[in-house]
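*Asks:* Structure incoming, see below.
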Amino acid sequence: MLFRNHHELVLNGATPILQKKRQDLLEMLTAAIDAVQPYRVITDIMNGSQLVFPSEAIDLSSFDHVYIVGFGKASVGMAQAVCDTTKISKGVIITNDPHAKVTSSSIEVIIGGHPLPNEGSIHGAERILELLHHCTENDCVLVLISGGGSSLFCKPRVPLPDLQSTIDLLIRSGATIQEINTVRKHLSFVKGGQLVYQTKAVILSLIISDVIHDPITSIASGPTTPDPTAYSDAVEILEQYHLWAEISPAVRTILEKGQKGMIPETLKEDDVAFEKVFNFIVANNETACQAALKKAMELGYDAKLLTTSLTGEAKTLGRYLVDRANNSLIKEHAAFICGGESTVTVQGPGVGGRNQELVLGCVNDIAGSGMVLASFATDGIDGNSDVAGAIADEYSWARGQKKHLVPSRFLLDNNSYVFFQALGDSLHTGPTGTNVMDVQIILQ
């Protein structure tokens, strides 16, 4: 069962109708995660030694050796699927899950850091580069890329503490993942396409997207794809969020040298190195949302997919979604599904994440409405908390009042975790082994 506190979440519904809606909503979220489980995603495109895509098939047996390198929250599941379906000579995988393993003696699994890189991230990158340097032009490297890869696969141009502080400042400022990754690329030796210079082998990248609209230039900071951004963009982003004076001198020095052409730019589209590189998106937020939509229909709901590109400040997006549902022509037994990735501008010292904050931001709006709403991080980890998100219904506001919990105060402190823990409405899953951003569901 995906939700460790499934029984409690259902029974927290004050009426049989609300309990049924809560049960249905959890089934929809489970269907969403099942659809983007990395093992399933990879086995679906593998037929023996062939990788089969809608437009083409690639025969891996035509190469002298097939190697695996991977980084991201889904990398272990992806690697296991490859090992179970074709012969692999050797591989190195970097994950953030200390319990994850690949049942193949040829695959080395290294634990890195997320959301900030650590020494394990750097060690993993070094091991990957050693493997890549060993390959020849008659070999193939399957690069398994998924969410979290930017942090887990790290070979920085600056000292690790300087990189960590820069990324932490950007995260806390409310910068988008594209903006954060633009800065990351220009403080790295391997991001922004630079990984392709590290090997003579043919590169096939299989990508589970955790970025809106699936730009492969941004997913895991685009290690195997041309980079459209420049050092000047990284500087502009830091200035935009008033961080230029706060970052370390080492970071400023690298970016300034890059602007002046004293450090090579990230790789661009006309680089001949990309002639041997092929990138494929194998799962994304759309995959998860469509699975939730299908499950909603199976459960008898009049279901609608609102968007898979939801962005904006989390504490206001819940109200926006509730308003969309209220203004819909569908009024009874309706399910509204959407996905994307909101942001949180951190102002307080609390514990929480964008999904819990999104739900907390609209508990007043759904009071007395008959609605049930949840927001869920598909990787199982929401912000700096140990939960995946939260669920609320028309009685959540009143239940909070009885416990003297005022939503607006918790929002000011970015302390959504404490609010929902007190109600027993946090979504507990632990790491799910995948990551395709977030999924929100509203049931009327």
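Letters A, B, ... mark the chains of the structure tokens in the order given; residue numbers begin at 1 per chain; ligand numbers begin at 1, in order shown.
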Could you name the residues that touch Gly389 in chain A at 10 Å or less, counting only C-alpha atoms, but leaving out those on the same chain fewer than 3 positions away, as a VMD selection string?
*Replies:* chain A and resid 352 to 359 374 to 378 380 to 383 385 to 386 416 to 417 420 425 to 429 438 to 440
*Asks:* Keeping only C-alpha atoms, write those residues as a compact mmCIF listing (two decimals), in the first residue's frame.
*Replies:*
# COMPACT_ATOMS: atom_id res chain seq x y z
CA GLY A 352 6.67 21.87 5.33
CA GLY A 353 6.75 21.91 1.56
CA ARG A 354 5.00 23.24 -1.49
CA ASN A 355 2.30 20.54 -1.50
CA GLN A 356 1.32 20.96 2.15
CA GLU A 357 1.41 24.74 1.75
CA LEU A 358 -0.84 24.55 -1.32
CA VAL A 359 -3.48 22.60 0.61
CA ALA A 374 -4.90 16.75 -1.96
CA SER A 375 -1.51 17.81 -3.27
CA PHE A 376 1.17 15.14 -3.55
CA ALA A 377 4.90 15.09 -4.28
CA THR A 378 5.46 12.06 -6.48
CA GLY A 380 7.33 11.04 -1.53
CA ILE A 381 9.23 13.97 -0.01
CA ASP A 382 7.68 17.42 0.28
CA GLY A 383 10.09 20.24 1.09
CA SER A 385 9.43 17.47 5.82
CA ASP A 386 9.23 13.67 5.93
CA SER A 416 2.24 23.58 7.07
CA TYR A 417 3.66 20.26 8.29
CA PHE A 420 -1.56 18.66 9.01
CA ASP A 425 -3.89 14.44 7.33
CA SER A 426 -0.26 14.32 6.16
CA LEU A 427 0.41 11.91 3.28
CA HIS A 428 3.03 9.41 4.50
CA THR A 429 4.67 7.28 1.82
CA ASP A 438 3.47 16.96 -8.12
CA VAL A 439 -0.12 15.84 -8.61
CA GLN A 440 -3.19 17.67 -7.25
*Asks:* Need the shell around Ile45 in chain A: protein/DNA/RNA residues with any atom at most 12 Å away, counting only C-alpha atoms. Skip same-chain ones fewer than 2 positions apart. Format as a list in words?
*Replies:* Pro38, Tyr39, Arg40, Val41, Ile42, Thr43, Asn47, Gly48, Ser49, Gln50, Leu51, Val52, Phe53, Pro54, Ser55, Glu56, Ala57, Ile58, Met78, Ala81, Val82, Thr85, Leu206, Phe280, Ile281, Val282 and Ala283 of chain A
*Asks:* Counting only C-alpha atoms, which of A:Asp323, A:Glu298, A:Asp162, A:Asp365 gets nearest to Met28 in chain A?
*Replies:*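 Closest residue, counting only C-alpha atoms: A:Glu298.
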*Asks:* Could the residues of range 66-165 of chain A that have an atom at most 10 Å from range 169-190 of chain A be listed as a tab-separated table, each with its closest atom pair and the distance in Å to one decimal, counting only C-alpha atoms and ordered by chain and ascending residue number?
*Replies:*
residue	atom	partner	partner_atom	distance
A:Pro115	CA	A:Ile171	CA	9.2
A:Leu116	CA	A:Ile171	CA	9.9
A:Ala125	CA	A:Val190	CA	8.7
A:Leu129	CA	A:Val190	CA	9.4
A:Ser150	CA	A:Asn181	CA	7.4
A:Ser151	CA	A:Arg184	CA	9.0
A:Phe153	CA	A:Val190	CA	8.5
A:Cys154	CA	A:Ser188	CA	7.2
A:Lys155	CA	A:Ser188	CA	5.7
A:Pro156	CA	A:Ser188	CA	4.4
A:Arg157	CA	A:Leu187	CA	5.2
A:Val158	CA	A:Leu187	CA	6.7
A:Pro159	CA	A:Leu187	CA	10.0
A:Leu163	CA	A:Leu187	CA	7.7
A:Gln164	CA	A:Leu169	CA	8.6
A:Ser165	CA	A:Leu169	CA	6.1
*Asks:* I'd like the neighbourhood of Ser209 in chain A as a list in words, where a residue qualifies if any of its atoms comes within 8 Å (using only C-alpha atoms), though same-chain residues fewer than 2 positions away should be ignored.
*Replies:*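 The residues that qualify are Ser146, Gly147, Ile207, Val211, Asp214, Ile216, Ile219, Ile281, Val282, Ala283, Asn284, Asn285, Asn435 and Val436 of chain A.
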*Asks:* Based on DSSP run over this structure's backbone, return all residues of range 208-255 of chain A in alpha helix (DSSP H), as a PyMOL selection string.
*Replies:* chain A and resi 231-240+249-255
*Asks:* With a distance cut-off of 8 Å and only C-alpha atoms, select the neighbouring residues of Gln347 in chain A, excluding the residue or stretch itself and same-chain residues fewer than 3 positions from it, and output the selection as an NGL selection string.
*Replies:* :A and (412-414)
*Asks:* Between A:Gly318, A:Gly350, A:Gly77, A:Gly72, which residue has the minimum interatomic distance to Leu373 in chain A, considering only C-alpha atoms?
*Replies:*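 For Leu373 in chain A, the nearest of the candidates is A:Gly318.
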*Asks:* Could you name the residues that touch Thr343 in chain A at 6 Å or less, counting only C-alpha atoms, but leaving out those on the same chain fewer than 5 positions away, as a ChimeraX atom specification?
*Replies:* /A:174,312-314
*Asks:* Give me the residues near Ser205 in chain A as a list in words, where near means some atom within 7 Å (using only C-alpha atoms) and where sequence neighbours in that chain fewer than 5 positions away do not count.
*Replies:*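 The contact residues come out as Leu142, Val143, Leu144, Ile145, Phe278, Asn279 and Phe280 of chain A.
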*Asks:* Give me, as a list in words, all polymer residues having an atom no more than 12 Å from Val277 in chain A, counting only C-alpha atoms and skipping those fewer than 6 positions away in the same chain.
*Replies:*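 Listing them by chain and then by number gives Glu137, Cys140, Val141, Leu142, Val143, Gly193, Gln194, Leu195, Val196, Tyr197, Thr199, Lys200, Ala201, Val202, Ile203, Leu204, Ser205, Leu206, Pro223, Thr224, Thr225, Pro226, Glu269 and Asp271 of chain A.
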*Asks:* Write the residues you've just listed into a file as a PDB file, in the first residue's frame, and include C-alpha atoms for each of them.
*Replies:*
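Output below, filename result33.pdb:
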ATOM      1  CA  GLU A 137      33.405   4.291 -29.923  1.00  0.00           C
ATOM      2  CA  CYS A 140      26.962   2.220 -25.842  1.00  0.00           C
ATOM      3  CA  VAL A 141      26.246   4.029 -22.586  1.00  0.00           C
ATOM      4  CA  LEU A 142      22.669   4.125 -21.310  1.00  0.00           C
ATOM      5  CA  VAL A 143      22.379   7.301 -19.263  1.00  0.00           C
ATOM      6  CA  GLY A 193      25.827  18.980 -22.211  1.00  0.00           C
ATOM      7  CA  GLN A 194      29.366  18.721 -20.911  1.00  0.00           C
ATOM      8  CA  LEU A 195      28.993  15.041 -20.018  1.00  0.00           C
ATOM      9  CA  VAL A 196      29.114  14.049 -23.701  1.00  0.00           C
ATOM     10  CA  TYR A 197      32.758  15.183 -23.892  1.00  0.00           C
ATOM     11  CA  THR A 199      33.307   9.490 -23.502  1.00  0.00           C
ATOM     12  CA  LYS A 200      33.816   8.153 -27.023  1.00  0.00           C
ATOM     13  CA  ALA A 201      30.781   5.865 -26.729  1.00  0.00           C
ATOM     14  CA  VAL A 202      27.329   6.308 -28.231  1.00  0.00           C
ATOM     15  CA  ILE A 203      25.046   7.824 -25.582  1.00  0.00           C
ATOM     16  CA  LEU A 204      21.373   6.855 -25.209  1.00  0.00           C
ATOM     17  CA  SER A 205      19.695   8.899 -22.491  1.00  0.00           C
ATOM     18  CA  LEU A 206      16.452   7.570 -21.014  1.00  0.00           C
ATOM     19  CA  PRO A 223      24.070  16.711 -18.951  1.00  0.00           C
ATOM     20  CA  THR A 224      23.587  15.116 -22.377  1.00  0.00           C
ATOM     21  CA  THR A 225      21.860  17.871 -24.310  1.00  0.00           C
ATOM     22  CA  PRO A 226      22.853  21.273 -25.766  1.00  0.00           C
ATOM     23  CA  GLU A 269      23.545  22.846 -30.392  1.00  0.00           C
ATOM     24  CA  ASP A 271      28.717  20.958 -31.255  1.00  0.00           C
TER      25      ASP A 271
END
*Asks:* Between A:Thr432, A:Thr307, A:Thr287, A:Thr266, which residue has the minimum interatomic distance to Arg4 in chain A, considering only C-alpha atoms?
*Replies:*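 That would be A:Thr432, the residue with the smallest distance to Arg4 in chain A.
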